[in-house]
Amino acid sequence: MALIDLANPSRFLAFTARALPWLAAAAVVAFAVALYQAFFVVPDDYQQGATVKIMFLHVPAAWLALGCWTLMSIAALGTLVWRHPLADVAAKSAAPLGAAFTLLCLLTGSLWGRPMWGTYWVWDARLTSVLVLFVMYLGLLALWRAVEDPARAGHAAAVLTLVGAINLPVIKFSVDFWNTLHQPASVLRVGGPTIHPSILVPLLIMALAFVLLFATLLLAAMRNEILRRRVRSMRLLRAQAALGA
Amino acid sequence: MELGPHAAFIIAAYAAGVLLVLLLVGWVVADYRAQLRTLAEFERQGVARRSAAPERDAA
């Protein structure tokens with residue numbers, strides 16, 4: 001099946017029916033391996049001790065929080081420029097997932113910060129910009145709910161998403177631009193990762209598990225959204241028929 | 001497996017992660033079932049989408 005064929009919602013539904021079980025199984029296996037590594041193989045960090053285990057949730061959740069908004073920005077271009085029929089379906093389905101992973105990033109960061117920094121929260125640039133990202137996700141969710149027509153909601157959400165994308169480089173480089181309590185980048189940085197392979201490799205396996213989970217949930221949520229739009233069009237048809245009768 | 005003096009924070013973080021994943025999975029599964037139920041109800045009432053008509057005619 002060519003990628004362009006997936007632009008057809010019916011073909012996309014057939015594709016999700018085939019792909020979802022494999023993706024879900026791959027996510028379960030990846031999580032099993034990653035959690036085993038995190039709890040039984042990874043040594044304690046020389047500074048953080050066992051609390052380094054929180055990083056196996058915090059870092060992949062942070063990557064997905066940013067990655068999800070990036071994906072929604074590409075989908076926003078698909079809606080506004082290419083008018084791809086599945087673009088706003090993807091954007092709408094990704095928003096609650098992005099909000100959930102951003103919330104997990106904030107929660108795990110706080111739970112790591114209390115024993116390591118002595119506080120759950122500080123208003124430094126990195127933490128504040130991620131909180132702004134979470135609020136933007138909530139704003140998008142509210143917008144999708146506020147506008148009844150999916151096409152109109154999709155256009156408004158696409159514009160808001162592209163405007164909100166300005167926050168992504170702010171989050172990424174906040175630890176370089178400002179003097180923050182949050183440590184600088186230690187994996188995605190020029191010069192390579194600064195983390196020892198004994199922790200880096202399990203972290204990357206956990207990140208893979210998160211990506212597989214995200215892909216599974218996104219495909220399932222997109223399938224649900226296509227069905228919801230079918231329900232909506234059938235409701236309209238029934239209403240038209242009732243008016244004509 | 002030794003979680004050290006900050007075990008409560010580690011357990012709370014993983015509990016939050018598990019809860020969030022369960023909520024997300026529960027949400028997509030419940031939503032899928034709800035949409036299928038509503039579609040089946042419309043089909044039973046004889047309401048069909050315009051784009052679905054040729055498929056049904058062909059079948």
# chains A, B, ... in the order shown; residues from 1 in each chain; ligands from 1
$ closest_atom_pairs --of "chain A" --to "chain B" --cutoff "7 Å" --atoms "only C-alpha atoms" --output "JSON lines"
{"residue": "A:Phe39", "atom": "CA", "partner": "B:Met1", "partner_atom": "CA", "distance": 6.4}
{"residue": "A:Phe40", "atom": "CA", "partner": "B:Met1", "partner_atom": "CA", "distance": 6.1}
{"residue": "A:Ala50", "atom": "CA", "partner": "B:Leu3", "partner_atom": "CA", "distance": 5.4}
{"residue": "A:Thr51", "atom": "CA", "partner": "B:Ile10", "partner_atom": "CA", "distance": 6.2}
{"residue": "A:Lys53", "atom": "CA", "partner": "B:Ile10", "partner_atom": "CA", "distance": 6.9}
{"residue": "A:Ile54", "atom": "CA", "partner": "B:Ile10", "partner_atom": "CA", "distance": 5.9}
{"residue": "A:Leu104", "atom": "CA", "partner": "B:Gly17", "partner_atom": "CA", "distance": 6.6}
{"residue": "A:Thr108", "atom": "CA", "partner": "B:Ala13", "partner_atom": "CA", "distance": 5.3}
{"residue": "A:Leu111", "atom": "CA", "partner": "B:Phe9", "partner_atom": "CA", "distance": 5.5}
{"residue": "A:Trp112", "atom": "CA", "partner": "B:Phe9", "partner_atom": "CA", "distance": 6.9}
{"residue": "A:Pro115", "atom": "CA", "partner": "B:His6", "partner_atom": "CA", "distance": 6.8}
{"residue": "A:Ala220", "atom": "CA", "partner": "B:Val28", "partner_atom": "CA", "distance": 6.4}
{"residue": "A:Ala221", "atom": "CA", "partner": "B:Val28", "partner_atom": "CA", "distance": 5.9}
{"residue": "A:Asn224", "atom": "CA", "partner": "B:Tyr32", "partner_atom": "CA", "distance": 5.3}
{"residue": "A:Leu227", "atom": "CA", "partner": "B:Gln35", "partner_atom": "CA", "distance": 6.1}
{"residue": "A:Arg228", "atom": "CA", "partner": "B:Gln35", "partner_atom": "CA", "distance": 6.0}
{"residue": "A:Val231", "atom": "CA", "partner": "B:Leu39", "partner_atom": "CA", "distance": 6.0}
{"residue": "A:Ser233", "atom": "CA", "partner": "B:Arg49", "partner_atom": "CA", "distance": 6.9}
{"residue": "A:Met234", "atom": "CA", "partner": "B:Arg49", "partner_atom": "CA", "distance": 5.8}
{"residue": "A:Arg238", "atom": "CA", "partner": "B:Val47", "partner_atom": "CA", "distance": 6.6}
$ residues_around --residues "Val201 (chain A)" --least-positions-apart "3" --cutoff "12 Å" --atoms "only C-alpha atoms" --output "JSON, numbers by chain"
{"A": [33, 34, 37, 38, 41, 42, 56, 187, 193, 195, 196, 197, 198, 204, 205, 206, 207, 208]}
$ atom_distance --atom1 "CA of Leu217 (chain A)" --atom2 "CA of Gly109 (chain A)"
23.2 Å
$ select_by_dssp --residues "chain B" --states "helix (DSSP H, G or I)" --output "NGL selection string"
:B and (4-44 or 53-58)
$ write_last_selection --atoms "C-alpha atoms" --output "mmCIF file, in the first residue's frame"
data_model
loop_
_atom_site.group_PDB
_atom_site.id
_atom_site.type_symbol
_atom_site.label_atom_id
_atom_site.label_comp_id
_atom_site.auth_asym_id
_atom_site.auth_seq_id
_atom_site.Cartn_x
_atom_site.Cartn_y
_atom_site.Cartn_z
ATOM 1 C CA GLY B 4 17.095 3.860 48.475
ATOM 2 C CA PRO B 5 15.908 6.679 50.750
ATOM 3 C CA HIS B 6 13.741 8.291 48.052
ATOM 4 C CA ALA B 7 11.734 5.161 47.218
ATOM 5 C CA ALA B 8 8.390 6.932 47.776
ATOM 6 C CA PHE B 9 9.188 9.456 45.022
ATOM 7 C CA ILE B 10 10.221 6.710 42.572
ATOM 8 C CA ILE B 11 7.113 4.643 43.309
ATOM 9 C CA ALA B 12 4.863 7.730 43.014
ATOM 10 C CA ALA B 13 6.413 8.617 39.638
ATOM 11 C CA TYR B 14 5.888 5.114 38.224
ATOM 12 C CA ALA B 15 2.382 4.935 39.713
ATOM 13 C CA ALA B 16 1.536 8.215 37.930
ATOM 14 C CA GLY B 17 2.955 6.786 34.687
ATOM 15 C CA VAL B 18 0.971 3.539 34.954
ATOM 16 C CA LEU B 19 -2.227 5.423 35.864
ATOM 17 C CA LEU B 20 -1.861 7.810 32.925
ATOM 18 C CA VAL B 21 -1.208 4.977 30.443
ATOM 19 C CA LEU B 22 -4.199 3.020 31.780
ATOM 20 C CA LEU B 23 -6.410 6.114 31.472
ATOM 21 C CA LEU B 24 -5.286 6.723 27.877
ATOM 22 C CA VAL B 25 -5.799 3.078 26.864
ATOM 23 C CA GLY B 26 -9.178 2.998 28.628
ATOM 24 C CA TRP B 27 -10.195 6.226 26.875
ATOM 25 C CA VAL B 28 -9.394 5.006 23.328
ATOM 26 C CA VAL B 29 -11.027 1.602 23.926
ATOM 27 C CA ALA B 30 -14.198 3.098 25.469
ATOM 28 C CA ASP B 31 -14.410 5.738 22.725
ATOM 29 C CA TYR B 32 -14.012 3.073 19.996
ATOM 30 C CA ARG B 33 -16.807 0.960 21.489
ATOM 31 C CA ALA B 34 -19.077 4.004 21.845
ATOM 32 C CA GLN B 35 -18.594 5.021 18.184
ATOM 33 C CA LEU B 36 -19.187 1.452 16.961
ATOM 34 C CA ARG B 37 -22.348 1.221 19.093
ATOM 35 C CA THR B 38 -23.706 4.496 17.682
ATOM 36 C CA LEU B 39 -22.867 3.500 14.096
ATOM 37 C CA ALA B 40 -24.597 0.135 14.565
ATOM 38 C CA GLU B 41 -27.651 1.949 15.931
ATOM 39 C CA PHE B 42 -27.801 4.186 12.836
ATOM 40 C CA GLU B 43 -27.384 1.165 10.536
ATOM 41 C CA ARG B 44 -30.270 -0.532 12.352
ATOM 42 C CA ALA B 53 -24.179 3.684 -0.481
ATOM 43 C CA PRO B 54 -22.178 2.454 -3.545
ATOM 44 C CA GLU B 55 -20.263 -0.012 -1.342
ATOM 45 C CA ARG B 56 -23.566 -1.431 -0.116
ATOM 46 C CA ASP B 57 -25.071 -1.455 -3.606
ATOM 47 C CA ALA B 58 -22.011 -3.242 -4.967
#
$ residues_around --residues "Thr180 (chain A)" --least-positions-apart "4" --cutoff "12 Å" --atoms "only C-alpha atoms" --output "VMD selection string"
chain A and resid 122 to 129 171 173 to 176 184 to 185
$ residues_around --residues "Ala153 (chain A)" --least-positions-apart "2" --cutoff "12 Å" --atoms "only C-alpha atoms" --output "PyMOL selection string"
chain A and resi 76+79-80+88-89+91-92+140-151+155-161
$ residues_around --residues "Leu133 (chain A)" --least-positions-apart "2" --cutoff "10 Å" --atoms "only C-alpha atoms" --output "ChimeraX atom specification"
/A:65-66,69,98-99,102-103,127-131,135-139,164-165,167-168,171
$ write_last_selection --atoms "C-alpha atoms" --output "compact mmCIF listing (two decimals), in the first residue's frame"
# COMPACT_ATOMS: atom_id res chain seq x y z
CA ALA A 65 5.54 16.26 24.71
CA LEU A 66 7.70 18.21 22.24
CA TRP A 69 3.44 19.28 19.14
CA GLY A 98 0.49 15.30 23.97
CA ALA A 99 -1.27 16.85 26.97
CA THR A 102 3.38 16.76 29.09
CA LEU A 103 1.52 16.24 32.37
CA LEU A 127 9.90 24.30 33.82
CA THR A 128 7.83 27.38 33.03
CA SER A 129 8.04 26.91 29.24
CA VAL A 130 6.94 23.26 29.59
CA LEU A 131 4.04 24.39 31.81
CA VAL A 135 -1.58 25.02 29.00
CA MET A 136 -1.40 25.34 25.19
CA TYR A 137 -2.39 21.66 24.85
CA LEU A 138 -5.38 22.34 27.13
CA GLY A 139 -6.27 25.40 25.04
CA GLY A 164 2.30 27.66 19.57
CA ALA A 165 5.22 25.97 17.78
CA ASN A 167 7.42 27.63 22.18
CA LEU A 168 9.27 24.48 21.02
CA ILE A 171 11.75 24.93 25.60
$ atom_distance --atom1 "CA of Arg230 (chain A)" --atom2 "CA of Val211 (chain A)"
28.5 Å
$ closest_residue --among "A:Pro43, A:Gly244, A:Pro9, A:Gly49" --to "Leu86 (chain A)" --atoms "only C-alpha atoms"
A:Pro9
$ residues_around --residues "Ser186 (chain A)" --least-positions-apart "3" --cutoff "12 Å" --atoms "only C-alpha atoms" --output "JSON, numbers by chain"
{"A": [55, 59, 172, 175, 182, 183, 189, 190, 191, 192, 193, 194, 195, 196, 199, 200, 203]}
$ atom_distance --atom1 "CA of Phe101 (chain A)" --atom2 "CA of Ala61 (chain A)"
5.1 Å
$ residues_around --residues "region 24-26 of chain A" --least-positions-apart "5" --cutoff "10 Å" --atoms "only C-alpha atoms" --output "MDAnalysis selection string"
chainID A and resid 19 31:32 208:209 212:217
